[in-house]
$ cat my_file.txt   # compact mmCIF, C-alpha atoms
# COMPACT_ATOMS: atom_id res chain seq x y z
CA MET R 1 70.57 83.83 125.78
CA THR R 2 70.22 82.67 122.17
CA THR R 3 67.75 84.50 120.01
CA LYS R 4 65.71 82.63 117.45
CA PHE R 5 66.90 85.00 114.73
CA ASP R 6 70.66 84.56 114.65
CA GLY R 7 71.66 81.59 116.83
CA LEU R 8 74.13 83.79 118.67
CA SER R 9 74.03 84.38 122.39
CA ASP R 10 74.48 87.59 124.34
CA LEU R 11 77.74 86.06 125.57
CA ASP R 12 78.98 85.73 121.97
CA TYR R 13 78.37 89.42 121.34
CA GLU R 14 79.84 90.46 124.67
CA ALA R 15 82.97 88.33 124.26
CA LEU R 16 83.61 89.52 120.72
CA ALA R 17 83.01 93.16 121.65
CA ASN R 18 85.39 92.79 124.59
CA LEU R 19 88.10 91.24 122.43
CA ARG R 20 87.72 93.96 119.80
CA TYR R 21 87.96 96.60 122.54
CA ARG R 22 91.23 95.09 123.81
CA ILE R 23 92.65 95.02 120.28
CA ARG R 24 91.65 98.67 119.69
CA LYS R 25 93.20 99.63 123.03
CA PHE R 26 96.51 98.05 122.01
CA ARG R 27 96.30 99.65 118.58
CA GLN R 28 95.82 103.09 120.15
CA PHE R 29 98.86 102.50 122.34
CA SER R 30 100.85 101.48 119.28
CA ILE R 31 99.82 104.52 117.24
CA LYS R 32 100.77 106.94 120.00
CA ALA R 33 104.11 105.21 120.67
CA ALA R 34 105.07 105.38 116.98
CA GLU R 35 103.99 109.00 116.63
CA ARG R 36 106.07 110.01 119.67
CA LEU R 37 109.12 108.80 117.74
CA GLY R 38 108.10 110.58 114.52
CA LEU R 39 106.73 107.54 112.69
CA SER R 40 103.30 106.91 111.26
CA PRO R 41 101.70 103.64 112.35
CA GLN R 42 102.24 102.23 108.85
CA GLN R 43 105.91 103.20 108.90
CA HIS R 44 106.29 101.44 112.23
CA GLN R 45 104.59 98.34 110.84
CA ALA R 46 106.90 98.42 107.83
CA LEU R 47 110.03 98.63 109.99
CA LEU R 48 108.77 95.80 112.18
CA ALA R 49 107.93 93.64 109.15
CA ILE R 50 111.37 94.21 107.63
CA ARG R 51 113.14 93.41 110.90
CA GLY R 52 110.90 90.59 112.08
CA LEU R 53 109.96 88.85 108.85
CA GLY R 54 112.71 89.87 106.45
CA VAL R 55 116.06 88.22 106.03
CA GLY R 56 119.06 89.96 107.55
CA GLY R 57 117.21 93.21 108.21
CA GLN R 58 115.99 93.55 104.64
CA MET R 59 112.92 92.69 102.62
CA SER R 60 111.79 93.05 99.04
CA ILE R 61 109.28 95.82 98.42
CA ALA R 62 106.83 93.25 97.04
CA SER R 63 107.08 91.16 100.23
CA LEU R 64 106.69 94.28 102.36
CA ALA R 65 103.54 95.25 100.49
CA GLU R 66 102.18 91.73 100.89
CA ARG R 67 102.85 91.74 104.64
CA LEU R 68 101.11 95.09 105.06
CA PHE R 69 98.17 94.22 102.77
CA ILE R 70 98.87 97.13 100.44
CA PRO R 71 99.55 97.33 96.69
CA VAL R 72 103.20 97.07 95.63
CA ASP R 73 103.27 100.69 94.40
CA ALA R 74 102.03 101.81 97.84
CA GLY R 75 104.75 99.65 99.41
CA LEU R 76 107.38 101.38 97.29
CA GLU R 77 105.98 104.80 98.23
CA LEU R 78 106.08 103.81 101.92
CA ALA R 79 109.66 102.57 101.58
CA ARG R 80 110.63 105.83 99.87
CA SER R 81 109.12 107.83 102.73
CA LEU R 82 111.18 105.76 105.16
CA GLU R 83 114.25 106.29 103.00
CA ALA R 84 113.69 110.05 103.08
CA GLN R 85 113.63 109.84 106.89
CA GLY R 86 116.84 107.85 106.96
CA SER R 87 115.18 104.67 108.23
CA VAL R 88 115.74 102.44 105.21
CA VAL R 89 117.98 102.22 102.20
CA ILE R 90 116.37 100.97 99.00
CA GLU R 91 118.72 98.83 96.97
CA VAL R 92 118.13 97.69 93.42
CA LYS R 93 120.55 95.11 92.13
CA ALA R 94 120.74 94.04 88.50
CA ARG R 95 117.62 92.09 87.49
CA ARG R 96 116.42 91.90 91.05
CA LYS R 97 113.44 93.35 92.84
CA PRO R 98 114.00 96.47 94.97
CA VAL R 99 114.89 95.67 98.56
CA ALA R 100 114.46 97.84 101.65
CA ARG R 101 117.22 97.52 104.24
CA LEU R 102 116.98 98.99 107.75
CA THR R 103 119.48 101.62 108.81
CA GLU R 104 121.10 101.78 112.25
CA GLU R 105 118.78 104.69 113.09
CA ALA R 106 115.73 102.56 112.25
CA GLN R 107 117.11 99.68 114.33
CA GLY R 108 117.33 102.05 117.32
CA LEU R 109 113.78 103.33 116.85
CA LEU R 110 112.50 99.81 116.46
CA ARG R 111 114.26 98.65 119.64
CA GLN R 112 112.50 101.41 121.59
CA LEU R 113 109.12 100.68 120.07
CA THR R 114 109.41 96.92 120.36
CA SER R 115 110.45 97.11 124.00
CA ALA R 116 107.47 99.35 124.79
CA HIS R 117 105.09 97.16 122.78
CA LEU R 118 106.25 93.95 124.42
CA HIS R 119 105.78 95.52 127.85
CA GLU R 120 102.28 96.69 126.94
CA ILE R 121 101.22 93.39 125.41
CA ARG R 122 102.53 91.51 128.43
CA GLU R 123 100.48 93.80 130.67
CA MET R 124 97.40 93.22 128.52
CA ALA R 125 97.99 89.47 128.07
CA PRO R 126 95.72 88.33 130.92
CA GLU R 127 92.81 90.40 129.57
CA LEU R 128 93.39 89.27 125.97
CA THR R 129 93.77 85.66 127.02
CA LEU R 130 90.56 85.81 129.03
CA ALA R 131 88.64 87.37 126.14
CA LEU R 132 89.89 84.65 123.78
CA ARG R 133 89.23 81.90 126.31
CA VAL R 134 85.62 83.03 126.77
CA LEU R 135 85.09 82.82 123.01
CA GLN R 136 86.84 79.46 122.79
CA ASP R 137 85.15 77.90 125.83
CA HIS R 138 81.72 79.08 124.72
CA ARG R 139 82.30 77.48 121.33
CA ARG R 140 83.32 74.22 123.02
CA MET R 141 80.16 74.28 125.12
CA GLU R 142 78.08 74.73 121.95
CA MET R 143 79.84 71.79 120.29
CA ALA R 144 79.35 69.57 123.35
CA ALA R 145 75.65 70.45 123.50
CA TRP R 146 75.25 69.75 119.80
CA MET R 147 76.91 66.32 120.15
CA GLN R 148 74.56 65.19 122.92

$ encode --input "my_file.txt" --output "structure tokens"
Amino acid sequence: MTTKFDGLSDLDYEALANLRYRIRKFRQFSIKAAERLGLSPQQHQALLAIRGLGVGGQMSIASLAERLFIPVDAGLELARSLEAQGSVVIEVKARRKPVARLTEEAQGLLRQLTSAHLHEIREMAPELTLALRVLQDHRRMEMAAWMQ
């Protein structure tokens, strides 16, 4: 039911709340999985960004910071914490930006985490898809009604 105050229906609120719940549920799974392997959630995200979005298992610190939506100095601090754990090696070549490269140990941790995450997301996919479809279909119905 649409209220005269905001133009949004109860279905809009319900669908968005349901989607946000599903996202939080996955995030909680992700946090616990990373912590079981001795990583903070941000460290896990950094390793995944380097492996998944970097080139050849490495990424500049500036690019890492950009991908994680953090300042470059925070990206360098994060990379240093990973280096202290033995998960990355920070390389600085002449006149080049510092680059974080994954170690074999990090590759192993990331394989475990990624496998678990893919399993979980595949289990959750029907619920996530349904939540998104409700939002999308409701929007289409609004557009169709507006066009008539």

$ closest_residue --input "my_file.txt" --among "R:Ala84, R:Asp137, R:Ala100, R:Glu120" --to "R:Gln28" --atoms "all atoms listed in the file"
R:Glu120

$ residues_around --input "my_file.txt" --residues "stretch 34-43 of chain R" --least-positions-apart "4" --cutoff "12 Å" --atoms "only C-alpha atoms" --output "MDAnalysis selection string"
chainID R and resid 27:30 47:50 64:65 67:70 74:88 102 105:106 108:114 116:117

$ closest_residue --input "my_file.txt" --among "R:Gln45, R:Ser9, R:Thr103, R:Asn18" --to "R:Arg133" --atoms "all atoms listed in the file"
R:Asn18

$ axis_aligned_box --input "my_file.txt" --around "stretch 90-107 of chain R" --padding-each-side "8 Å" --output "lines of an AutoDock Vina configuration file"
center_x = 117.3
center_y = 98.3
center_z = 100.9
size_x = 23.7
size_y = 28.8
size_z = 42.8

$ atom_distance --input "my_file.txt" --atom1 "atom CA of R:Ala46" --atom2 "atom CA of R:Leu130"
29.6 Å

$ atom_distance --input "my_file.txt" --atom1 "atom CA of R:Glu66" --atom2 "atom CA of R:His119"
27.5 Å

$ atom_distance --input "my_file.txt" --atom1 "atom CA of R:Leu132" --atom2 "atom CA of R:Leu8"
16.6 Å

$ residues_near_point --input "my_file.txt" --point "(112.2, 95.8, 95.2)" --cutoff "10 Å" --atoms "only C-alpha atoms" --output "ChimeraX atom specification"
/R:59-64,72,75-76,79,90-93,96-100

$ residues_around --input "my_file.txt" --residues "R:Thr129" --least-positions-apart "5" --cutoff "12 Å" --atoms "all atoms listed in the file" --output "short mmCIF file (atom, residue, chain, number, x, y, z; two decimals) with C-alpha atoms, in the coordinates of the input"
data_model
loop_
_atom_site.label_atom_id
_atom_site.label_comp_id
_atom_site.auth_asym_id
_atom_site.auth_seq_id
_atom_site.Cartn_x
_atom_site.Cartn_y
_atom_site.Cartn_z
CA ALA R 15 82.97 88.33 124.26
CA ASN R 18 85.39 92.79 124.59
CA LEU R 19 88.10 91.24 122.43
CA ARG R 22 91.23 95.09 123.81
CA ILE R 23 92.65 95.02 120.28
CA ILE R 121 101.22 93.39 125.41
CA ARG R 122 102.53 91.51 128.43
CA GLU R 123 100.48 93.80 130.67
CA MET R 124 97.40 93.22 128.52
CA VAL R 134 85.62 83.03 126.77
CA LEU R 135 85.09 82.82 123.01
CA GLN R 136 86.84 79.46 122.79
CA ASP R 137 85.15 77.90 125.83
#
